[in-house]
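Trainee: Pasting final.txt here (compact mmCIF, C-alpha atoms):
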```txt
# COMPACT_ATOMS: atom_id res chain seq x y z
CA MET A 12 91.80 14.64 34.54
CA GLU A 13 88.84 15.66 32.39
CA ASP A 14 89.09 12.46 30.32
CA SER A 15 88.96 10.36 33.46
CA ARG A 16 85.98 12.28 34.78
CA ILE A 17 84.14 11.87 31.50
CA ALA A 18 84.85 8.13 31.55
CA LEU A 19 83.28 7.70 34.99
CA PRO A 20 79.72 6.31 34.85
CA ILE A 21 77.04 8.58 36.34
CA GLY A 22 75.26 5.69 38.01
CA THR A 23 71.66 4.61 38.43
CA THR A 24 69.20 7.32 39.42
CA LEU A 25 66.44 6.68 41.95
CA ASP A 26 63.75 7.22 39.33
CA ARG A 27 65.31 4.72 36.92
CA TYR A 28 65.81 2.20 39.72
CA ILE A 29 62.17 2.47 40.86
CA LYS A 30 60.94 1.90 37.31
CA LYS A 31 63.25 -1.09 36.89
CA LYS A 32 62.09 -2.68 40.14
CA GLN A 33 58.40 -1.83 39.92
CA ASP A 34 57.35 -5.42 39.22
CA GLU A 35 58.75 -6.44 42.61
CA PHE A 36 56.20 -4.26 44.41
CA GLN A 37 53.33 -6.13 45.97
CA PHE A 38 50.83 -4.10 43.95
CA ALA A 39 52.59 -3.08 40.73
CA THR A 40 50.19 -0.37 39.54
CA GLY A 41 52.66 2.52 39.42
CA GLU A 42 51.08 4.30 42.40
CA LEU A 43 53.62 3.07 44.93
CA SER A 44 56.42 4.07 42.57
CA GLN A 45 55.04 7.59 42.37
CA LEU A 46 54.60 7.70 46.14
CA LEU A 47 58.30 6.97 46.65
CA ARG A 48 59.12 9.73 44.19
CA ASP A 49 56.89 12.17 46.10
CA ILE A 50 58.71 11.34 49.35
CA ALA A 51 62.09 11.72 47.64
CA LEU A 52 61.07 15.11 46.25
CA ALA A 53 59.90 16.36 49.63
CA GLY A 54 63.21 15.14 51.03
CA LYS A 55 65.06 17.37 48.56
CA VAL A 56 63.06 20.37 49.74
CA VAL A 57 63.66 19.61 53.42
CA ASN A 58 67.36 19.00 52.70
CA ARG A 59 67.55 22.48 51.16
CA GLU A 60 65.90 24.07 54.18
CA ILE A 61 68.18 22.23 56.61
CA ASN A 62 71.32 23.22 54.73
CA LYS A 63 70.49 26.91 54.96
CA ALA A 64 68.78 26.80 58.37
CA GLY A 65 71.45 28.79 60.17
CA LEU A 66 71.21 31.58 57.60
CA ILE A 67 67.47 32.22 57.61
CA ASN A 68 66.44 31.93 61.26
CA ILE A 69 64.59 28.62 61.12
CA VAL A 70 66.52 26.91 63.88
CA GLY A 71 65.36 26.77 67.47
CA ALA A 72 62.08 26.06 69.22
CA ILE A 73 58.84 27.45 67.87
CA GLY A 74 57.26 27.79 71.32
CA THR A 75 54.70 24.98 71.06
CA GLN A 76 54.62 21.28 71.91
CA ASN A 77 53.52 18.34 69.79
CA VAL A 78 51.13 15.64 70.94
CA GLN A 79 54.08 13.84 72.56
CA GLY A 80 54.61 16.79 74.91
CA GLU A 81 57.92 17.59 73.20
CA ASP A 82 58.99 21.11 72.29
CA GLN A 83 58.54 21.61 68.56
CA GLN A 84 61.43 23.01 66.58
CA LYS A 85 60.81 25.35 63.66
CA LEU A 86 62.19 22.77 61.25
CA ASP A 87 59.90 20.10 62.76
CA VAL A 88 56.89 22.10 61.68
CA LEU A 89 58.38 23.03 58.31
CA ALA A 90 59.28 19.41 57.49
CA ASN A 91 55.81 18.21 58.50
CA ILE A 92 54.21 20.75 56.18
CA ARG A 93 56.53 19.88 53.29
CA PHE A 94 55.93 16.14 53.44
CA THR A 95 52.18 16.41 54.01
CA ARG A 96 51.87 18.85 51.13
CA ALA A 97 53.90 16.65 48.77
CA LEU A 98 51.89 13.55 49.65
CA SER A 99 48.60 15.43 49.33
CA LYS A 100 49.44 16.79 45.87
CA GLY A 101 50.72 13.43 44.67
CA GLY A 102 47.32 11.80 45.18
CA GLU A 103 48.57 8.29 45.92
CA ALA A 104 48.32 8.68 49.71
CA CYS A 105 44.82 8.79 51.16
CA ALA A 106 45.95 9.58 54.70
CA VAL A 107 49.01 10.65 56.66
CA ILE A 108 49.77 10.08 60.31
CA SER A 109 52.63 12.11 61.68
CA GLU A 110 54.49 12.36 64.95
CA GLU A 111 53.70 16.08 64.81
CA ASP A 112 49.91 15.73 64.39
CA ASP A 113 47.36 14.76 67.03
CA GLU A 114 45.03 12.90 64.68
CA ILE A 115 44.90 11.15 61.31
CA VAL A 116 45.17 13.57 58.37
CA ASP A 117 42.55 12.37 55.88
CA LEU A 118 43.57 13.66 52.44
CA ASN A 119 40.05 13.03 51.07
CA ASN A 120 41.07 11.41 47.81
CA ASP A 121 41.07 8.02 46.11
CA GLY A 122 44.59 7.11 47.15
CA ARG A 123 45.36 3.54 48.17
CA TYR A 124 48.15 4.12 50.67
CA VAL A 125 48.54 5.35 54.23
CA ILE A 126 51.79 7.03 55.25
CA ALA A 127 53.20 7.05 58.78
CA ILE A 128 56.01 9.58 59.13
CA ASP A 129 58.40 11.19 61.54
CA PRO A 130 59.14 14.28 59.42
CA LEU A 131 62.29 15.29 61.26
CA ASP A 132 63.80 12.79 63.67
CA GLY A 133 66.48 14.05 66.06
CA SER A 134 65.27 17.63 65.98
CA SER A 135 66.93 18.37 69.33
CA ASN A 136 70.21 18.20 67.38
CA ILE A 137 69.19 20.83 64.82
CA ASP A 138 70.70 23.75 66.70
CA VAL A 139 74.10 22.05 67.00
CA ASN A 140 74.35 20.96 63.34
CA VAL A 141 74.28 17.20 63.99
CA SER A 142 72.81 14.72 61.48
CA ILE A 143 69.02 14.38 61.56
CA GLY A 144 66.57 12.43 59.44
CA THR A 145 63.09 11.53 58.20
CA ILE A 146 61.51 8.10 58.79
CA PHE A 147 58.50 6.79 56.85
CA SER A 148 56.28 3.72 56.55
CA ILE A 149 53.84 2.92 53.75
CA PHE A 150 50.76 0.76 54.29
CA ARG A 151 48.03 -0.23 51.84
CA ARG A 152 44.62 0.91 53.07
CA VAL A 153 42.16 -1.74 54.21
CA THR A 154 38.77 -0.06 53.68
CA PRO A 155 37.35 0.60 50.19
CA VAL A 156 38.94 3.38 48.16
CA GLY A 157 36.92 6.60 48.37
CA SER A 158 35.40 5.86 51.78
CA PRO A 159 36.40 7.82 54.92
CA ILE A 160 39.67 6.74 56.50
CA GLN A 161 39.21 4.58 59.58
CA GLU A 162 41.54 3.43 62.35
CA ILE A 163 41.71 -0.03 60.79
CA ASP A 164 43.50 1.56 57.81
CA VAL A 165 46.12 3.09 60.06
CA LEU A 166 46.62 0.81 63.06
CA GLN A 167 48.21 -2.07 61.18
CA LYS A 168 51.03 -4.33 62.27
CA GLY A 169 54.46 -3.44 60.98
CA SER A 170 54.48 -6.73 59.08
CA GLU A 171 51.80 -5.21 56.82
CA GLN A 172 54.11 -2.47 55.51
CA VAL A 173 54.58 -2.48 51.74
CA ALA A 174 57.56 -0.13 51.92
CA ALA A 175 59.57 1.82 54.46
CA GLY A 176 62.63 4.00 54.52
CA TYR A 177 64.47 6.96 55.89
CA LEU A 178 66.31 10.03 54.73
CA LEU A 179 69.53 10.96 56.49
CA TYR A 180 70.59 14.60 56.29
CA GLY A 181 74.27 14.41 57.12
CA SER A 182 77.61 15.11 55.44
CA SER A 183 75.73 13.80 52.43
CA THR A 184 72.00 13.25 52.15
CA MET A 185 70.86 9.67 51.67
CA LEU A 186 67.56 7.92 50.99
CA VAL A 187 67.45 4.29 52.15
CA TYR A 188 64.36 2.19 51.53
CA THR A 189 62.92 -1.28 51.12
CA THR A 190 59.82 -2.70 49.49
CA GLY A 191 60.41 -6.14 50.96
CA HIS A 192 63.05 -7.16 48.42
CA GLY A 193 66.24 -6.07 50.12
CA VAL A 194 67.53 -2.64 51.14
CA ASN A 195 69.09 -0.06 48.86
CA GLY A 196 70.64 3.33 49.57
CA PHE A 197 70.74 6.39 47.32
CA THR A 198 72.97 9.42 47.82
CA TYR A 199 71.73 12.85 46.78
CA GLU A 200 73.89 14.73 44.27
CA PRO A 201 72.81 18.37 44.78
CA SER A 202 74.39 19.81 41.63
CA LEU A 203 72.28 17.45 39.51
CA GLY A 204 69.30 17.33 41.87
CA GLU A 205 69.22 13.54 41.69
CA TYR A 206 69.56 10.57 44.04
CA PHE A 207 72.01 7.96 42.76
CA LEU A 208 72.26 4.32 43.83
CA SER A 209 75.34 4.25 46.06
CA HIS A 210 74.64 1.37 48.47
CA PRO A 211 73.01 -1.57 46.62
CA ASN A 212 71.79 -4.62 48.54
CA MET A 213 72.67 -3.29 51.98
CA SER A 214 73.17 -5.89 54.70
CA ILE A 215 74.15 -5.66 58.33
CA PRO A 216 76.87 -7.93 59.76
CA GLU A 217 75.40 -10.67 61.96
CA GLN A 218 77.71 -9.61 64.78
CA GLY A 219 78.91 -6.09 65.47
CA LYS A 220 81.17 -4.24 67.87
CA ILE A 221 79.06 -1.13 68.53
CA TYR A 222 76.36 -0.59 71.11
CA SER A 223 74.30 2.61 71.06
CA ILE A 224 72.38 3.58 74.18
CA ASN A 225 72.01 6.65 76.37
CA GLU A 226 74.02 5.44 79.35
CA GLY A 227 73.09 8.61 81.23
CA SER A 228 69.84 6.81 82.09
CA TYR A 229 71.65 3.65 83.22
CA ASN A 230 70.35 3.76 86.81
CA SER A 231 66.74 3.63 85.59
CA PHE A 232 67.26 0.80 83.07
CA PRO A 233 65.56 -2.57 83.74
CA GLU A 234 67.99 -5.12 85.14
CA PRO A 235 68.23 -7.15 81.88
CA VAL A 236 69.33 -4.02 80.01
CA LYS A 237 71.96 -3.24 82.64
CA GLN A 238 73.24 -6.79 82.32
CA TYR A 239 73.46 -6.51 78.54
CA VAL A 240 75.32 -3.19 78.73
CA GLU A 241 77.82 -4.78 81.12
CA HIS A 242 78.16 -7.70 78.68
CA CYS A 243 78.96 -5.23 75.88
CA LYS A 244 81.67 -3.61 78.00
CA GLU A 245 83.17 -6.94 79.00
CA SER A 246 83.18 -8.00 75.35
CA GLY A 247 85.18 -4.94 74.35
CA HIS A 248 82.40 -3.34 72.30
CA SER A 249 82.55 0.37 71.51
CA ALA A 250 79.88 2.77 72.77
CA ARG A 251 78.65 5.11 70.03
CA TYR A 252 75.59 7.30 70.62
CA ILE A 253 74.74 10.34 68.50
CA GLY A 254 71.24 10.94 69.84
CA SER A 255 69.68 11.03 66.36
CA LEU A 256 67.95 7.71 65.78
CA VAL A 257 68.43 7.70 61.99
CA ALA A 258 72.13 8.52 62.28
CA ASP A 259 72.78 5.87 64.95
CA PHE A 260 70.75 3.30 63.00
CA HIS A 261 72.50 4.07 59.71
CA ARG A 262 75.98 3.72 61.20
CA ASN A 263 75.11 0.38 62.79
CA LEU A 264 73.48 -0.84 59.57
CA LEU A 265 76.73 -0.25 57.72
CA LYS A 266 79.21 -1.36 60.38
CA GLY A 267 77.27 -3.77 62.58
CA GLY A 268 75.95 -2.98 66.01
CA ILE A 269 72.87 -2.60 68.18
CA TYR A 270 70.77 0.43 69.04
CA ILE A 271 68.76 0.31 72.27
CA TYR A 272 66.13 2.63 73.66
CA PRO A 273 64.62 0.65 76.56
CA GLN A 274 61.84 1.39 78.97
CA THR A 275 63.02 3.51 81.91
CA ALA A 276 61.56 4.78 85.17
CA LYS A 277 60.54 7.94 83.29
CA ASP A 278 59.30 6.24 80.10
CA VAL A 279 57.78 3.00 81.35
CA ASN A 280 56.65 1.93 77.87
CA GLY A 281 59.77 3.14 76.13
CA LYS A 282 60.10 6.45 74.33
CA LEU A 283 60.23 5.67 70.61
CA ARG A 284 56.99 5.61 68.61
CA LEU A 285 55.94 2.30 67.09
CA MET A 286 54.13 3.79 64.10
CA TYR A 287 56.57 6.55 63.13
CA GLU A 288 59.97 5.15 64.01
CA CYS A 289 60.17 1.53 65.11
CA ASN A 290 58.06 -0.17 62.43
CA ALA A 291 59.96 1.36 59.53
CA LEU A 292 63.40 0.67 60.95
CA ALA A 293 62.37 -2.85 61.98
CA PHE A 294 61.24 -3.60 58.41
CA ILE A 295 64.50 -2.23 57.00
CA ILE A 296 66.75 -4.08 59.43
CA GLU A 297 65.02 -7.42 58.87
CA GLN A 298 65.39 -6.97 55.11
CA ALA A 299 69.08 -6.28 55.72
CA GLY A 300 69.53 -9.46 57.77
CA GLY A 301 69.18 -8.04 61.27
CA LEU A 302 66.53 -8.10 63.98
CA ALA A 303 64.25 -5.65 65.80
CA SER A 304 62.71 -6.46 69.17
CA THR A 305 61.14 -4.93 72.24
CA GLY A 306 63.41 -7.20 74.25
CA THR A 307 60.68 -9.81 74.48
CA LYS A 308 58.87 -9.79 71.14
CA ARG A 309 59.34 -9.01 67.44
CA VAL A 310 58.48 -5.38 66.70
CA LEU A 311 56.75 -6.16 63.39
CA ASP A 312 54.27 -8.47 65.16
CA ILE A 313 52.85 -5.77 67.45
CA LYS A 314 49.24 -4.78 66.77
CA PRO A 315 49.10 -1.06 67.64
CA ASP A 316 46.39 0.22 69.98
CA GLU A 317 46.87 3.93 69.30
CA LEU A 318 48.56 6.32 66.89
CA HIS A 319 51.30 7.48 69.22
CA GLN A 320 52.03 4.19 70.96
CA ARG A 321 55.54 3.82 72.38
CA VAL A 322 57.61 0.67 72.70
CA PRO A 323 61.08 -0.34 73.92
CA PHE A 324 63.39 -0.81 70.94
CA PHE A 325 66.35 -3.12 70.34
CA VAL A 326 67.51 -3.07 66.71
CA GLY A 327 70.62 -4.13 64.85
CA SER A 328 72.86 -7.10 64.18
CA LYS A 329 71.10 -10.44 64.58
CA GLU A 330 73.44 -11.99 67.12
CA MET A 331 73.58 -8.83 69.25
CA VAL A 332 69.79 -8.48 69.44
CA GLU A 333 69.42 -12.18 70.25
CA LYS A 334 71.98 -11.79 73.03
CA ALA A 335 70.10 -8.80 74.45
CA GLU A 336 66.86 -10.78 74.39
CA SER A 337 68.51 -13.64 76.24
CA PHE A 338 68.88 -11.47 79.35
CA PHE A 339 65.09 -11.01 79.41
CA ASN A 340 64.58 -14.76 79.13
```
Output the file's structure in the form of structure tokens.

Mentor:
Amino acid sequence: MEDSRIALPIGTTLDRYIKKKQDEFQFATGELSQLLRDIALAGKVVNREINKAGLINIVGAIGTQNVQGEDQQKLDVLANIRFTRALSKGGEACAVISEEDDEIVDLNNDGRYVIAIDPLDGSSNIDVNVSIGTIFSIFRRVTPVGSPIQEIDVLQKGSEQVAAGYLLYGSSTMLVYTTGHGVNGFTYEPSLGEYFLSHPNMSIPEQGKIYSINEGSYNSFPEPVKQYVEHCKESGHSARYIGSLVADFHRNLLKGGIYIYPQTAKDVNGKLRLMYECNALAFIIEQAGGLASTGTKRVLDIKPDELHQRVPFFVGSKEMVEKAESFFN
């Protein structure tokens, strides 16, 4: 047994992989590499806090609301602090925009990158011990380094992302990211404190059998969405909906499927945030061979008007998203 364990290769660590692939980055100066390491480190810290949350009274609502009007959970606030602090100390990020903050956080340094982040997606599932995640986008600033951050640095199309990814805190913790050269997944090994490449060159099947949507809101869906849901049922597709965007997205990425959060009577523009959730996942899914749409247009082509802009979101296997779009046409 011991001989066989010794013979097993340890695998490629995240740090080694980043160094090996650095020349593929659009601006291979080493800063983007360090930025990814900073995010990975903050993810380790948040993972630790999540895993002991039930033991140290950091679950539950904190009693305040974020700018979205949503009740903030204690871990929401903690994760936001951890990621902002890590990015600030790293020095490569000049600004952070977060789902939990009202305004742009100008880090007042000479960094070249802007980070858009949802520090803890799916926080309503924290209390019931369901998988949650972190979603991030990385943009290169537009204005000169050293000058005050402006909206033009932040409100960029998703197609301008230089990297994006997510962390999934589940039965195992994973970091999945892309720099525009495919998608790779790394699983965290807590005893060694390292992420190891476990899912190289991730791709989503062109056709899937899973549709993920909150059918409790069916009566308020637009007619094209109702028609597509009925099509899924008639086609024998399976309904799978966790309620944590990262977890639903990750499952569909691996197995094939579509995730939908449409506009409803309550959320006429959709509920998911373009800058913190949709852009990053759209970039990842396109790199994995899938599509991301609002139902009528490509997500990565949207020029944002505001930090907390919401959009309808259809993301997943190419043929499934195209079929959903066809009902709008």

Trainee: Nearest to A:Leu179: which of A:His261, A:Lys334, A:Lys277, A:Lys63 is it, counting only C-alpha atoms?

Mentor: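 The answer is A:His261, which sits nearest to A:Leu179.
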
Trainee: Could you work out how far atom CA of A:Thr305 lies from atom CA of A:Asn212, giving the answer in Å with one decimal?

Mentor: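 Atom CA of A:Asn212 sits 26.0 Å away from atom CA of A:Thr305.
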
Trainee: Give me the residues near A:Val240 as a list in words, where near means some atom within 9 Å (using all atoms listed in the file) and where sequence neighbours in that chain fewer than 5 positions away do not count.

Mentor: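 Near A:Val240, the qualifying residues are Tyr222, Ile224, Glu226, Tyr229, Pro235, Glu245 and Ala335 of chain A.
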
Trainee: For the point (48.6, 16.9, 63.0) in file coordinates, what residues are within 12 Å, counting all atoms listed in the file? Give the answer as number ranges by chain?

Mentor: A: 76-79, 87-88, 91-92, 95, 106-117, 127-130, 318-319

Trainee: Using only C-alpha atoms, determine which residues lie at most 8 Å from stretch 194-208 of chain A, disregarding the query and same-chain residues fewer than 6 positions distant; provide the list as a ChimeraX atom specification.

Mentor: /A:22-25,28,55,183-188,214,295,298-299

Trainee: Store the residues of this selection in a file with C-alpha atoms, as a CSV table (one decimal), keeping the file's coordinate frame.

Mentor:
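Listing of part.csv after writing:
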```csv
chain,number,residue,atom,x,y,z
A,22,GLY,CA,75.3,5.7,38.0
A,23,THR,CA,71.7,4.6,38.4
A,24,THR,CA,69.2,7.3,39.4
A,25,LEU,CA,66.4,6.7,42.0
A,28,TYR,CA,65.8,2.2,39.7
A,55,LYS,CA,65.1,17.4,48.6
A,183,SER,CA,75.7,13.8,52.4
A,184,THR,CA,72.0,13.2,52.2
A,185,MET,CA,70.9,9.7,51.7
A,186,LEU,CA,67.6,7.9,51.0
A,187,VAL,CA,67.4,4.3,52.2
A,188,TYR,CA,64.4,2.2,51.5
A,214,SER,CA,73.2,-5.9,54.7
A,295,ILE,CA,64.5,-2.2,57.0
A,298,GLN,CA,65.4,-7.0,55.1
A,299,ALA,CA,69.1,-6.3,55.7
```

Trainee: Could you rebuild stretch 315-334 of chain A with N, CA, C and O atoms and give me the result as a PDB file, in the coordinates of the input?

Mentor:
```pdb
ATOM      1  N   PRO A 315      49.185  -2.332  66.903  1.00  0.00           N
ATOM      2  CA  PRO A 315      49.100  -1.060  67.640  1.00  0.00           C
ATOM      3  C   PRO A 315      47.704  -0.797  68.183  1.00  0.00           C
ATOM      4  O   PRO A 315      46.695  -1.141  67.561  1.00  0.00           O
ATOM      5  N   ASP A 316      47.656  -0.159  69.349  1.00  0.00           N
ATOM      6  CA  ASP A 316      46.390   0.220  69.980  1.00  0.00           C
ATOM      7  C   ASP A 316      46.067   1.690  69.755  1.00  0.00           C
ATOM      8  O   ASP A 316      44.913   2.094  69.858  1.00  0.00           O
ATOM      9  N   GLU A 317      47.071   2.497  69.479  1.00  0.00           N
ATOM     10  CA  GLU A 317      46.870   3.930  69.300  1.00  0.00           C
ATOM     11  C   GLU A 317      47.933   4.506  68.389  1.00  0.00           C
ATOM     12  O   GLU A 317      48.983   3.888  68.168  1.00  0.00           O
ATOM     13  N   LEU A 318      47.661   5.709  67.864  1.00  0.00           N
ATOM     14  CA  LEU A 318      48.560   6.320  66.890  1.00  0.00           C
ATOM     15  C   LEU A 318      49.953   6.559  67.445  1.00  0.00           C
ATOM     16  O   LEU A 318      50.951   6.331  66.766  1.00  0.00           O
ATOM     17  N   HIS A 319      50.018   7.029  68.676  1.00  0.00           N
ATOM     18  CA  HIS A 319      51.300   7.480  69.220  1.00  0.00           C
ATOM     19  C   HIS A 319      51.861   6.500  70.249  1.00  0.00           C
ATOM     20  O   HIS A 319      52.551   6.897  71.185  1.00  0.00           O
ATOM     21  N   GLN A 320      51.572   5.231  70.044  1.00  0.00           N
ATOM     22  CA  GLN A 320      52.030   4.190  70.960  1.00  0.00           C
ATOM     23  C   GLN A 320      53.561   4.121  70.985  1.00  0.00           C
ATOM     24  O   GLN A 320      54.231   4.241  69.971  1.00  0.00           O
ATOM     25  N   ARG A 321      54.095   3.927  72.192  1.00  0.00           N
ATOM     26  CA  ARG A 321      55.540   3.820  72.380  1.00  0.00           C
ATOM     27  C   ARG A 321      55.916   2.389  72.751  1.00  0.00           C
ATOM     28  O   ARG A 321      55.129   1.695  73.401  1.00  0.00           O
ATOM     29  N   VAL A 322      57.114   2.001  72.371  1.00  0.00           N
ATOM     30  CA  VAL A 322      57.610   0.670  72.700  1.00  0.00           C
ATOM     31  C   VAL A 322      59.102   0.727  72.996  1.00  0.00           C
ATOM     32  O   VAL A 322      59.810   1.594  72.468  1.00  0.00           O
ATOM     33  N   PRO A 323      59.620  -0.197  73.810  1.00  0.00           N
ATOM     34  CA  PRO A 323      61.080  -0.340  73.920  1.00  0.00           C
ATOM     35  C   PRO A 323      61.619  -0.819  72.575  1.00  0.00           C
ATOM     36  O   PRO A 323      60.919  -1.494  71.811  1.00  0.00           O
ATOM     37  N   PHE A 324      62.877  -0.522  72.283  1.00  0.00           N
ATOM     38  CA  PHE A 324      63.390  -0.810  70.940  1.00  0.00           C
ATOM     39  C   PHE A 324      64.830  -1.294  70.999  1.00  0.00           C
ATOM     40  O   PHE A 324      65.715  -0.621  71.530  1.00  0.00           O
ATOM     41  N   PHE A 325      65.034  -2.507  70.487  1.00  0.00           N
ATOM     42  CA  PHE A 325      66.350  -3.120  70.340  1.00  0.00           C
ATOM     43  C   PHE A 325      66.499  -3.469  68.864  1.00  0.00           C
ATOM     44  O   PHE A 325      65.765  -4.325  68.358  1.00  0.00           O
ATOM     45  N   VAL A 326      67.431  -2.861  68.152  1.00  0.00           N
ATOM     46  CA  VAL A 326      67.510  -3.070  66.710  1.00  0.00           C
ATOM     47  C   VAL A 326      68.964  -3.110  66.262  1.00  0.00           C
ATOM     48  O   VAL A 326      69.795  -2.336  66.726  1.00  0.00           O
ATOM     49  N   GLY A 327      69.259  -4.061  65.365  1.00  0.00           N
ATOM     50  CA  GLY A 327      70.620  -4.130  64.850  1.00  0.00           C
ATOM     51  C   GLY A 327      71.030  -5.511  64.411  1.00  0.00           C
ATOM     52  O   GLY A 327      70.208  -6.306  63.933  1.00  0.00           O
ATOM     53  N   SER A 328      72.306  -5.812  64.599  1.00  0.00           N
ATOM     54  CA  SER A 328      72.860  -7.100  64.180  1.00  0.00           C
ATOM     55  C   SER A 328      72.149  -8.257  64.865  1.00  0.00           C
ATOM     56  O   SER A 328      71.850  -8.198  66.063  1.00  0.00           O
ATOM     57  N   LYS A 329      71.907  -9.318  64.111  1.00  0.00           N
ATOM     58  CA  LYS A 329      71.100 -10.440  64.580  1.00  0.00           C
ATOM     59  C   LYS A 329      71.632 -11.034  65.885  1.00  0.00           C
ATOM     60  O   LYS A 329      70.881 -11.204  66.851  1.00  0.00           O
ATOM     61  N   GLU A 330      72.903 -11.333  65.941  1.00  0.00           N
ATOM     62  CA  GLU A 330      73.440 -11.990  67.120  1.00  0.00           C
ATOM     63  C   GLU A 330      73.423 -11.069  68.342  1.00  0.00           C
ATOM     64  O   GLU A 330      73.236 -11.530  69.476  1.00  0.00           O
ATOM     65  N   MET A 331      73.578  -9.780  68.131  1.00  0.00           N
ATOM     66  CA  MET A 331      73.580  -8.830  69.250  1.00  0.00           C
ATOM     67  C   MET A 331      72.171  -8.671  69.826  1.00  0.00           C
ATOM     68  O   MET A 331      71.988  -8.612  71.039  1.00  0.00           O
ATOM     69  N   VAL A 332      71.162  -8.600  68.962  1.00  0.00           N
ATOM     70  CA  VAL A 332      69.790  -8.480  69.440  1.00  0.00           C
ATOM     71  C   VAL A 332      69.372  -9.762  70.159  1.00  0.00           C
ATOM     72  O   VAL A 332      68.728  -9.719  71.219  1.00  0.00           O
ATOM     73  N   GLU A 333      69.742 -10.905  69.595  1.00  0.00           N
ATOM     74  CA  GLU A 333      69.420 -12.180  70.250  1.00  0.00           C
ATOM     75  C   GLU A 333      70.071 -12.260  71.632  1.00  0.00           C
ATOM     76  O   GLU A 333      69.461 -12.762  72.589  1.00  0.00           O
ATOM     77  N   LYS A 334      71.293 -11.773  71.737  1.00  0.00           N
ATOM     78  CA  LYS A 334      71.980 -11.790  73.030  1.00  0.00           C
ATOM     79  C   LYS A 334      71.272 -10.871  74.028  1.00  0.00           C
ATOM     80  O   LYS A 334      71.087 -11.235  75.199  1.00  0.00           O
TER      81      LYS A 334
END
```
